[in-house]
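Below: work_11.pdb (PDB, C-alpha atoms)
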```pdb
ATOM      1  CA  MET A   1    -221.023 -79.043 140.289  1.00  0.00           C
ATOM      2  CA  ALA A   2    -220.049 -81.993 142.438  1.00  0.00           C
ATOM      3  CA  ASP A   3    -221.335 -82.245 145.983  1.00  0.00           C
ATOM      4  CA  MET A   4    -218.529 -80.839 148.159  1.00  0.00           C
ATOM      5  CA  THR A   5    -220.038 -81.768 151.538  1.00  0.00           C
ATOM      6  CA  THR A   6    -217.603 -83.424 153.877  1.00  0.00           C
ATOM      7  CA  ASP A   7    -217.229 -84.703 157.383  1.00  0.00           C
ATOM      8  CA  ALA A   8    -214.400 -86.009 159.537  1.00  0.00           C
ATOM      9  CA  THR A   9    -214.583 -89.457 157.922  1.00  0.00           C
ATOM     10  CA  THR A  10    -213.412 -88.164 154.514  1.00  0.00           C
ATOM     11  CA  ALA A  11    -209.927 -87.179 155.684  1.00  0.00           C
ATOM     12  CA  ARG A  12    -207.135 -87.732 153.191  1.00  0.00           C
ATOM     13  CA  SER A  13    -203.381 -87.716 153.655  1.00  0.00           C
ATOM     14  CA  ARG A  14    -200.270 -87.263 151.569  1.00  0.00           C
ATOM     15  CA  LEU A  15    -196.770 -88.344 152.553  1.00  0.00           C
ATOM     16  CA  VAL A  16    -193.994 -85.993 151.446  1.00  0.00           C
ATOM     17  CA  GLU A  17    -190.407 -87.242 151.507  1.00  0.00           C
ATOM     18  CA  TRP A  18    -187.265 -85.353 150.538  1.00  0.00           C
ATOM     19  CA  GLU A  19    -183.508 -85.532 150.763  1.00  0.00           C
ATOM     20  CA  ASP A  20    -181.221 -83.274 152.785  1.00  0.00           C
ATOM     21  CA  PRO A  21    -181.404 -79.866 151.057  1.00  0.00           C
ATOM     22  CA  ALA A  22    -177.832 -79.033 152.104  1.00  0.00           C
ATOM     23  CA  ILE A  23    -176.505 -81.656 149.666  1.00  0.00           C
ATOM     24  CA  GLY A  24    -177.969 -79.898 146.635  1.00  0.00           C
ATOM     25  CA  ALA A  25    -177.175 -76.420 147.939  1.00  0.00           C
ATOM     26  CA  THR A  26    -173.525 -77.347 148.452  1.00  0.00           C
ATOM     27  CA  ARG A  27    -173.281 -78.917 145.005  1.00  0.00           C
ATOM     28  CA  ALA A  28    -174.909 -75.857 143.416  1.00  0.00           C
ATOM     29  CA  MET A  29    -172.014 -73.711 144.591  1.00  0.00           C
ATOM     30  CA  SER A  30    -169.439 -75.895 142.851  1.00  0.00           C
ATOM     31  CA  MET A  31    -171.155 -76.254 139.458  1.00  0.00           C
ATOM     32  CA  ALA A  32    -172.256 -74.089 136.569  1.00  0.00           C
ATOM     33  CA  GLY A  33    -176.027 -73.552 136.714  1.00  0.00           C
ATOM     34  CA  LEU A  34    -176.897 -75.610 133.637  1.00  0.00           C
ATOM     35  CA  ASP A  35    -174.728 -78.520 134.801  1.00  0.00           C
ATOM     36  CA  PHE A  36    -176.385 -78.389 138.224  1.00  0.00           C
ATOM     37  CA  LEU A  37    -179.906 -78.438 136.757  1.00  0.00           C
ATOM     38  CA  ARG A  38    -179.045 -81.349 134.468  1.00  0.00           C
ATOM     39  CA  ALA A  39    -177.580 -83.214 137.464  1.00  0.00           C
ATOM     40  CA  MET A  40    -180.944 -82.780 139.230  1.00  0.00           C
ATOM     41  CA  ILE A  41    -182.720 -84.163 136.168  1.00  0.00           C
ATOM     42  CA  ASP A  42    -180.497 -87.249 136.000  1.00  0.00           C
ATOM     43  CA  GLY A  43    -180.669 -87.754 139.783  1.00  0.00           C
ATOM     44  CA  THR A  44    -176.979 -87.174 140.567  1.00  0.00           C
ATOM     45  CA  VAL A  45    -177.967 -84.202 142.702  1.00  0.00           C
ATOM     46  CA  PRO A  46    -181.109 -84.361 144.861  1.00  0.00           C
ATOM     47  CA  SER A  47    -183.913 -81.979 144.020  1.00  0.00           C
ATOM     48  CA  PRO A  48    -184.810 -79.345 146.622  1.00  0.00           C
ATOM     49  CA  PRO A  49    -187.657 -80.224 149.027  1.00  0.00           C
ATOM     50  CA  ILE A  50    -190.085 -77.784 147.374  1.00  0.00           C
ATOM     51  CA  VAL A  51    -190.363 -80.038 144.316  1.00  0.00           C
ATOM     52  CA  ALA A  52    -191.605 -82.935 146.459  1.00  0.00           C
ATOM     53  CA  LEU A  53    -193.999 -80.679 148.361  1.00  0.00           C
ATOM     54  CA  MET A  54    -195.460 -79.224 145.170  1.00  0.00           C
ATOM     55  CA  ASP A  55    -195.320 -82.550 143.257  1.00  0.00           C
ATOM     56  CA  MET A  56    -193.280 -81.058 140.432  1.00  0.00           C
ATOM     57  CA  THR A  57    -190.311 -82.344 138.448  1.00  0.00           C
ATOM     58  CA  LEU A  58    -187.634 -80.568 136.446  1.00  0.00           C
ATOM     59  CA  VAL A  59    -187.779 -82.366 133.086  1.00  0.00           C
ATOM     60  CA  ARG A  60    -185.644 -80.237 130.747  1.00  0.00           C
ATOM     61  CA  ALA A  61    -182.853 -77.696 131.045  1.00  0.00           C
ATOM     62  CA  GLU A  62    -181.194 -75.792 128.218  1.00  0.00           C
ATOM     63  CA  GLU A  63    -179.277 -72.549 128.412  1.00  0.00           C
ATOM     64  CA  GLY A  64    -181.896 -69.879 129.127  1.00  0.00           C
ATOM     65  CA  GLU A  65    -184.901 -72.246 129.183  1.00  0.00           C
ATOM     66  CA  VAL A  66    -186.216 -74.937 131.529  1.00  0.00           C
ATOM     67  CA  GLU A  67    -189.359 -77.011 131.829  1.00  0.00           C
ATOM     68  CA  PHE A  68    -191.122 -78.456 134.861  1.00  0.00           C
ATOM     69  CA  SER A  69    -194.058 -80.838 134.974  1.00  0.00           C
ATOM     70  CA  CYS A  70    -196.339 -80.864 137.985  1.00  0.00           C
ATOM     71  CA  GLU A  71    -199.397 -82.661 139.265  1.00  0.00           C
ATOM     72  CA  PRO A  72    -202.020 -80.456 140.918  1.00  0.00           C
ATOM     73  CA  GLY A  73    -204.025 -82.383 143.479  1.00  0.00           C
ATOM     74  CA  GLU A  74    -206.568 -81.972 146.242  1.00  0.00           C
ATOM     75  CA  SER A  75    -203.784 -81.279 148.741  1.00  0.00           C
ATOM     76  CA  HIS A  76    -203.150 -78.027 146.816  1.00  0.00           C
ATOM     77  CA  TYR A  77    -206.785 -76.856 147.033  1.00  0.00           C
ATOM     78  CA  ASN A  78    -207.983 -73.572 148.482  1.00  0.00           C
ATOM     79  CA  PRO A  79    -211.278 -73.194 150.407  1.00  0.00           C
ATOM     80  CA  ILE A  80    -213.369 -72.739 147.233  1.00  0.00           C
ATOM     81  CA  GLY A  81    -212.464 -76.072 145.613  1.00  0.00           C
ATOM     82  CA  ALA A  82    -209.673 -75.196 143.191  1.00  0.00           C
ATOM     83  CA  VAL A  83    -205.896 -75.329 143.306  1.00  0.00           C
ATOM     84  CA  HIS A  84    -204.545 -72.394 145.326  1.00  0.00           C
ATOM     85  CA  GLY A  85    -202.943 -69.611 143.280  1.00  0.00           C
ATOM     86  CA  GLY A  86    -199.804 -70.031 145.376  1.00  0.00           C
ATOM     87  CA  PHE A  87    -199.275 -73.409 143.708  1.00  0.00           C
ATOM     88  CA  ALA A  88    -199.135 -71.826 140.249  1.00  0.00           C
ATOM     89  CA  CYS A  89    -197.004 -68.962 141.561  1.00  0.00           C
ATOM     90  CA  THR A  90    -194.503 -71.366 143.130  1.00  0.00           C
ATOM     91  CA  VAL A  91    -194.203 -73.436 139.959  1.00  0.00           C
ATOM     92  CA  LEU A  92    -193.814 -70.313 137.802  1.00  0.00           C
ATOM     93  CA  ASP A  93    -191.252 -68.831 140.222  1.00  0.00           C
ATOM     94  CA  SER A  94    -189.269 -72.079 140.051  1.00  0.00           C
ATOM     95  CA  ALA A  95    -189.377 -72.129 136.246  1.00  0.00           C
ATOM     96  CA  ALA A  96    -188.298 -68.488 135.909  1.00  0.00           C
ATOM     97  CA  GLY A  97    -185.564 -68.854 138.536  1.00  0.00           C
ATOM     98  CA  CYS A  98    -184.143 -72.059 137.111  1.00  0.00           C
ATOM     99  CA  ALA A  99    -184.154 -70.528 133.620  1.00  0.00           C
ATOM    100  CA  VAL A 100    -181.880 -67.805 134.994  1.00  0.00           C
ATOM    101  CA  GLN A 101    -179.807 -70.383 136.874  1.00  0.00           C
ATOM    102  CA  SER A 102    -179.210 -72.200 133.582  1.00  0.00           C
ATOM    103  CA  THR A 103    -177.286 -69.142 132.336  1.00  0.00           C
ATOM    104  CA  LEU A 104    -175.057 -68.704 135.391  1.00  0.00           C
ATOM    105  CA  PRO A 105    -171.441 -69.812 135.632  1.00  0.00           C
ATOM    106  CA  LYS A 106    -170.011 -71.574 138.672  1.00  0.00           C
ATOM    107  CA  GLY A 107    -169.860 -69.219 141.647  1.00  0.00           C
ATOM    108  CA  LEU A 108    -173.040 -67.263 140.918  1.00  0.00           C
ATOM    109  CA  GLY A 109    -176.487 -67.759 142.408  1.00  0.00           C
ATOM    110  CA  TYR A 110    -179.823 -65.999 142.171  1.00  0.00           C
ATOM    111  CA  THR A 111    -182.910 -65.106 144.145  1.00  0.00           C
ATOM    112  CA  SER A 112    -186.261 -63.671 143.125  1.00  0.00           C
ATOM    113  CA  LEU A 113    -186.655 -59.931 143.644  1.00  0.00           C
ATOM    114  CA  GLU A 114    -190.112 -59.631 142.140  1.00  0.00           C
ATOM    115  CA  ILE A 115    -192.679 -61.814 140.404  1.00  0.00           C
ATOM    116  CA  LYS A 116    -195.922 -60.836 138.709  1.00  0.00           C
ATOM    117  CA  VAL A 117    -198.400 -63.621 138.056  1.00  0.00           C
ATOM    118  CA  SER A 118    -201.463 -63.485 135.828  1.00  0.00           C
ATOM    119  CA  TYR A 119    -204.024 -66.223 136.488  1.00  0.00           C
ATOM    120  CA  LEU A 120    -205.975 -67.028 133.328  1.00  0.00           C
ATOM    121  CA  ARG A 121    -207.874 -70.254 134.123  1.00  0.00           C
ATOM    122  CA  ALA A 122    -208.822 -72.194 137.216  1.00  0.00           C
ATOM    123  CA  VAL A 123    -206.709 -75.260 137.983  1.00  0.00           C
ATOM    124  CA  THR A 124    -208.130 -78.374 139.642  1.00  0.00           C
ATOM    125  CA  ALA A 125    -206.952 -81.933 140.102  1.00  0.00           C
ATOM    126  CA  ALA A 126    -208.835 -82.679 136.860  1.00  0.00           C
ATOM    127  CA  SER A 127    -206.577 -80.249 134.942  1.00  0.00           C
ATOM    128  CA  GLY A 128    -204.080 -83.084 134.551  1.00  0.00           C
ATOM    129  CA  THR A 129    -200.323 -82.769 134.383  1.00  0.00           C
ATOM    130  CA  LEU A 130    -199.258 -79.145 134.073  1.00  0.00           C
ATOM    131  CA  SER A 131    -196.199 -77.972 132.171  1.00  0.00           C
ATOM    132  CA  ALA A 132    -194.259 -74.860 133.148  1.00  0.00           C
ATOM    133  CA  VAL A 133    -191.663 -73.388 130.807  1.00  0.00           C
ATOM    134  CA  GLY A 134    -189.363 -70.624 132.013  1.00  0.00           C
ATOM    135  CA  ARG A 135    -187.320 -68.476 129.616  1.00  0.00           C
ATOM    136  CA  VAL A 136    -184.707 -65.813 130.253  1.00  0.00           C
ATOM    137  CA  THR A 137    -185.667 -62.575 128.542  1.00  0.00           C
ATOM    138  CA  LYS A 138    -182.548 -60.666 129.618  1.00  0.00           C
ATOM    139  CA  PRO A 139    -179.581 -62.276 131.349  1.00  0.00           C
ATOM    140  CA  GLY A 140    -177.450 -60.107 133.584  1.00  0.00           C
ATOM    141  CA  LYS A 141    -174.454 -59.983 135.890  1.00  0.00           C
ATOM    142  CA  ARG A 142    -176.429 -58.329 138.731  1.00  0.00           C
ATOM    143  CA  VAL A 143    -180.077 -58.546 137.662  1.00  0.00           C
ATOM    144  CA  ALA A 144    -181.753 -60.925 135.214  1.00  0.00           C
ATOM    145  CA  PHE A 145    -185.268 -61.083 133.813  1.00  0.00           C
ATOM    146  CA  ALA A 146    -187.366 -64.133 132.952  1.00  0.00           C
ATOM    147  CA  GLU A 147    -190.870 -65.133 131.966  1.00  0.00           C
ATOM    148  CA  ALA A 148    -192.753 -68.362 132.590  1.00  0.00           C
ATOM    149  CA  GLU A 149    -195.918 -69.935 131.308  1.00  0.00           C
ATOM    150  CA  LEU A 150    -198.022 -72.689 132.893  1.00  0.00           C
ATOM    151  CA  ARG A 151    -200.181 -74.910 130.658  1.00  0.00           C
ATOM    152  CA  ASP A 152    -202.731 -77.584 131.494  1.00  0.00           C
ATOM    153  CA  ALA A 153    -202.830 -81.106 130.026  1.00  0.00           C
ATOM    154  CA  ASP A 154    -204.818 -79.784 127.026  1.00  0.00           C
ATOM    155  CA  GLY A 155    -202.121 -77.180 126.274  1.00  0.00           C
ATOM    156  CA  ARG A 156    -204.193 -74.219 127.468  1.00  0.00           C
ATOM    157  CA  VAL A 157    -202.298 -71.457 129.255  1.00  0.00           C
ATOM    158  CA  VAL A 158    -203.544 -71.279 132.861  1.00  0.00           C
ATOM    159  CA  ALA A 159    -201.075 -68.703 134.240  1.00  0.00           C
ATOM    160  CA  THR A 160    -198.108 -66.581 133.197  1.00  0.00           C
ATOM    161  CA  ALA A 161    -195.408 -64.770 135.143  1.00  0.00           C
ATOM    162  CA  SER A 162    -192.659 -62.234 134.662  1.00  0.00           C
ATOM    163  CA  SER A 163    -189.819 -62.146 137.150  1.00  0.00           C
ATOM    164  CA  THR A 164    -186.876 -59.991 138.158  1.00  0.00           C
ATOM    165  CA  LEU A 165    -184.019 -61.886 139.786  1.00  0.00           C
ATOM    166  CA  LEU A 166    -180.923 -60.763 141.665  1.00  0.00           C
ATOM    167  CA  VAL A 167    -177.672 -62.442 140.579  1.00  0.00           C
ATOM    168  CA  PHE A 168    -174.925 -62.634 143.203  1.00  0.00           C
ATOM    169  CA  PRO A 169    -171.693 -64.485 144.037  1.00  0.00           C
ATOM    170  CA  VAL A 170    -171.980 -67.571 146.228  1.00  0.00           C
ATOM    171  CA  VAL A 171    -169.223 -68.956 148.386  1.00  0.00           C
ATOM    172  CA  ASP A 172    -168.593 -72.684 148.795  1.00  0.00           C
ATOM    173  CA  PRO A 173    -168.200 -73.212 152.565  1.00  0.00           C
ATOM    174  CA  ALA A 174    -165.688 -76.045 151.960  1.00  0.00           C
ATOM    175  CA  ALA A 175    -163.490 -73.829 149.785  1.00  0.00           C
ATOM    176  CA  GLU A 176    -163.781 -70.913 152.202  1.00  0.00           C
ATOM    177  CA  GLY A 177    -162.304 -72.949 155.075  1.00  0.00           C
ATOM    178  CA  ALA A 178    -159.577 -74.550 152.915  1.00  0.00           C
ATOM    179  CA  GLY A 179    -157.227 -71.570 153.207  1.00  0.00           C
ATOM    180  CA  ALA A 180    -157.568 -71.198 156.979  1.00  0.00           C
ATOM    181  CA  ALA A 181    -154.799 -72.575 159.172  1.00  0.00           C
TER     182      ALA A 181
END
```
Before we go any further, please render this structure as structure tokens.
Amino acid sequence: MADMTTDATTARSRLVEWEDPAIGATRAMSMAGLDFLRAMIDGTVPSPPIVALMDMTLVRAEEGEVEFSCEPGESHYNPIGAVHGGFACTVLDSAAGCAVQSTLPKGLGYTSLEIKVSYLRAVTAASGTLSAVGRVTKPGKRVAFAEAELRDADGRVVATASSTLLVFPVVDPAAEGAGAA
């Protein structure tokens, strides 16, 4: 095991930049879920800040299935020298949620009700680029179900998740005020 001793002179930093999250949230209300996700992939719609914070990227979106890639790094480490489980959970939650979003028509949104994560292998910065695939197992008008799997650069599964998501109508604030006089 590598020597993990440290002192104040070994400080590292990471700059995180993001775009206004209201831009994407507003656009999400006016687009079908799959169109919105594809617009994030092609850069027409800014990604939410969490993707910059977690160093992940939405790379593929099909109806009922999405894929993220992410780069675990030292800034994601827990006190025992591995990537914190919350990193994997966040990536898996994003993959499962976006898989559900890919099935939703304009005017519907979602939020996670429950997620169960199984951690199968430790993740470190040396794990390389991770790939998370989320798949809808049961779409729904009020509740949807999805699963996600996180793999390391060698293709080994490092974590899995199953998720229950609430589906609900969203209201575009611009449209809501259009009828008022």
Closest pair table for region 39-65 of chain A residues within 12 Å of region 74-82 of chain A, only C-alpha atoms, as CSV:
```
residue,atom,partner,partner_atom,distance
A:Leu53,CA,A:His76,CA,9.7
A:Met54,CA,A:His76,CA,8.0
A:Asp55,CA,A:His76,CA,9.7
```
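A search radius of 7 Å centred on (-194.4, -74.2, 131.4), applied to all atoms listed in the file, returns the residues Glu67, Phe68, Ser131, Ala132, Val133, Gly134, Ala148, Glu149, Leu150 and Arg151 of chain A.
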Give me the residues near Leu108 (chain A) as a list of chain:residue names, where near means some atom within 12 Å (using all atoms listed in the file) and where sequence neighbours in that chain fewer than 3 positions away do not count. A:Ala28, A:Met29, A:Ser30, A:Met31, A:Ala32, A:Gly33, A:Leu34, A:Phe36, A:Val100, A:Gln101, A:Ser102, A:Thr103, A:Leu104, A:Pro105, A:Thr111, A:Gly140, A:Lys141, A:Arg142, A:Val143, A:Leu166, A:Val167, A:Phe168, A:Pro169, A:Val170, A:Val171, A:Asp172
Please put the answer as AutoDock Vina command-line options: centre and edge lengths, in Å with one decimal, of a box along x, y and z that encloses all listed atoms of region 38-49 of chain A plus 3 Å on each side.
```
--center_x -182.3 --center_y -83.5 --center_z 141.7 --size_x 16.7 --size_y 14.4 --size_z 20.6
```
Find the distance between CA of Asp152 (chain A) and CA of Ala95 (chain A) and write it in Å to one decimal. 15.2 Å
Using only C-alpha atoms, which residues sit within 12 Å of Thr44 (chain A) once same-chain residues fewer than 4 positions away are excluded, as a count of residues only? 10
Could you tell me how far CA of Glu147 (chain A) lies from CA of Thr129 (chain A), in Å and to one decimal?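 That distance, rounded to one decimal, is 20.2 Å.
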The PyMOL selection byres ((chain A and resi 20) around 10) - which residues does that actually catch in the file I just gave you? List them as an MDAnalysis selection string. chainID A and resid 18:19 21:25 46:49
Would you work out the distance separating CA of Leu92 (chain A) from CA of Ala146 (chain A), expressed in Å to one decimal?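 Distance between the two atoms: 10.2 Å.
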Could you check which of A:Val45, A:Val117, A:Leu58, A:Val158 is closest to Asp93 (chain A), using all atoms listed in the file?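 Counting all atoms listed in the file, the residue closest to Asp93 (chain A) is A:Val117.
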Considering all atoms listed in the file, can you say which of A:Lys116, A:Arg135, A:Lys106, A:Arg121 comes closest to Glu62 (chain A)? A:Arg135
To verify the selection step, state as a list in words which residues the PyMOL selection byres ((chain A and resi 88) around 9) yields on this input.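 In the shown coordinates, the PyMOL selection byres ((chain A and resi 88) around 9) covers Val83, His84, Gly85, Gly86, Phe87, Cys89, Thr90, Val91, Leu92, Asp93, Val117, Tyr119, Val123, Leu150, Val158, Ala159 and Thr160 of chain A.
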Model the absent atoms of region 75-102 of chain A so that N, CA and C atoms are present, and write the result as a compact mmCIF listing (two decimals), in the frame of the given file.
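Result file is part-v4.txt:
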```txt
# COMPACT_ATOMS: atom_id res chain seq x y z
N SER A 75 -204.57 -81.84 147.64
CA SER A 75 -203.78 -81.28 148.74
C SER A 75 -203.32 -79.86 148.44
N HIS A 76 -203.51 -79.40 147.21
CA HIS A 76 -203.15 -78.03 146.82
C HIS A 76 -204.38 -77.11 146.77
N TYR A 77 -205.54 -77.62 147.16
CA TYR A 77 -206.78 -76.86 147.03
C TYR A 77 -206.90 -75.71 148.04
N ASN A 78 -207.61 -74.69 147.61
CA ASN A 78 -207.98 -73.57 148.48
C ASN A 78 -209.39 -73.84 149.02
N PRO A 79 -209.95 -72.94 149.82
CA PRO A 79 -211.28 -73.19 150.41
C PRO A 79 -212.44 -73.23 149.41
N ILE A 80 -212.24 -72.76 148.17
CA ILE A 80 -213.37 -72.74 147.23
C ILE A 80 -213.30 -73.87 146.21
N GLY A 81 -212.45 -74.88 146.45
CA GLY A 81 -212.46 -76.07 145.61
C GLY A 81 -211.64 -76.04 144.35
N ALA A 82 -210.60 -75.23 144.33
CA ALA A 82 -209.67 -75.20 143.19
C ALA A 82 -208.25 -75.14 143.75
N VAL A 83 -207.29 -75.40 142.89
CA VAL A 83 -205.90 -75.33 143.31
C VAL A 83 -205.57 -73.89 143.68
N HIS A 84 -204.92 -73.71 144.82
CA HIS A 84 -204.54 -72.39 145.33
C HIS A 84 -203.62 -71.69 144.33
N GLY A 85 -203.79 -70.39 144.18
CA GLY A 85 -202.94 -69.61 143.28
C GLY A 85 -201.47 -69.67 143.66
N GLY A 86 -201.19 -69.91 144.94
CA GLY A 86 -199.80 -70.03 145.38
C GLY A 86 -199.10 -71.22 144.75
N PHE A 87 -199.85 -72.25 144.40
CA PHE A 87 -199.28 -73.41 143.71
C PHE A 87 -198.73 -72.96 142.36
N ALA A 88 -199.56 -72.31 141.56
CA ALA A 88 -199.14 -71.83 140.25
C ALA A 88 -197.98 -70.84 140.38
N CYS A 89 -198.06 -69.95 141.35
CA CYS A 89 -197.00 -68.96 141.56
C CYS A 89 -195.67 -69.64 141.89
N THR A 90 -195.72 -70.66 142.75
CA THR A 90 -194.50 -71.37 143.13
C THR A 90 -193.89 -72.08 141.93
N VAL A 91 -194.71 -72.73 141.14
CA VAL A 91 -194.20 -73.44 139.96
C VAL A 91 -193.62 -72.44 138.96
N LEU A 92 -194.31 -71.33 138.73
CA LEU A 92 -193.81 -70.31 137.80
C LEU A 92 -192.53 -69.67 138.31
N ASP A 93 -192.45 -69.40 139.62
CA ASP A 93 -191.25 -68.83 140.22
C ASP A 93 -190.08 -69.79 140.05
N SER A 94 -190.32 -71.07 140.23
CA SER A 94 -189.27 -72.08 140.05
C SER A 94 -188.80 -72.12 138.60
N ALA A 95 -189.74 -72.08 137.66
CA ALA A 95 -189.38 -72.13 136.25
C ALA A 95 -188.57 -70.89 135.83
N ALA A 96 -189.02 -69.72 136.25
CA ALA A 96 -188.30 -68.49 135.91
C ALA A 96 -186.91 -68.48 136.56
N GLY A 97 -186.84 -68.85 137.83
CA GLY A 97 -185.56 -68.85 138.54
C GLY A 97 -184.58 -69.84 137.96
N CYS A 98 -185.05 -71.05 137.67
CA CYS A 98 -184.14 -72.06 137.11
C CYS A 98 -183.71 -71.70 135.70
N ALA A 99 -184.57 -71.01 134.95
CA ALA A 99 -184.15 -70.53 133.62
C ALA A 99 -182.95 -69.60 133.77
N VAL A 100 -183.02 -68.70 134.74
CA VAL A 100 -181.88 -67.81 134.99
C VAL A 100 -180.68 -68.62 135.47
N GLN A 101 -180.91 -69.56 136.37
CA GLN A 101 -179.81 -70.38 136.87
C GLN A 101 -179.08 -71.09 135.73
N SER A 102 -179.82 -71.49 134.71
CA SER A 102 -179.21 -72.20 133.58
C SER A 102 -178.21 -71.35 132.81
```
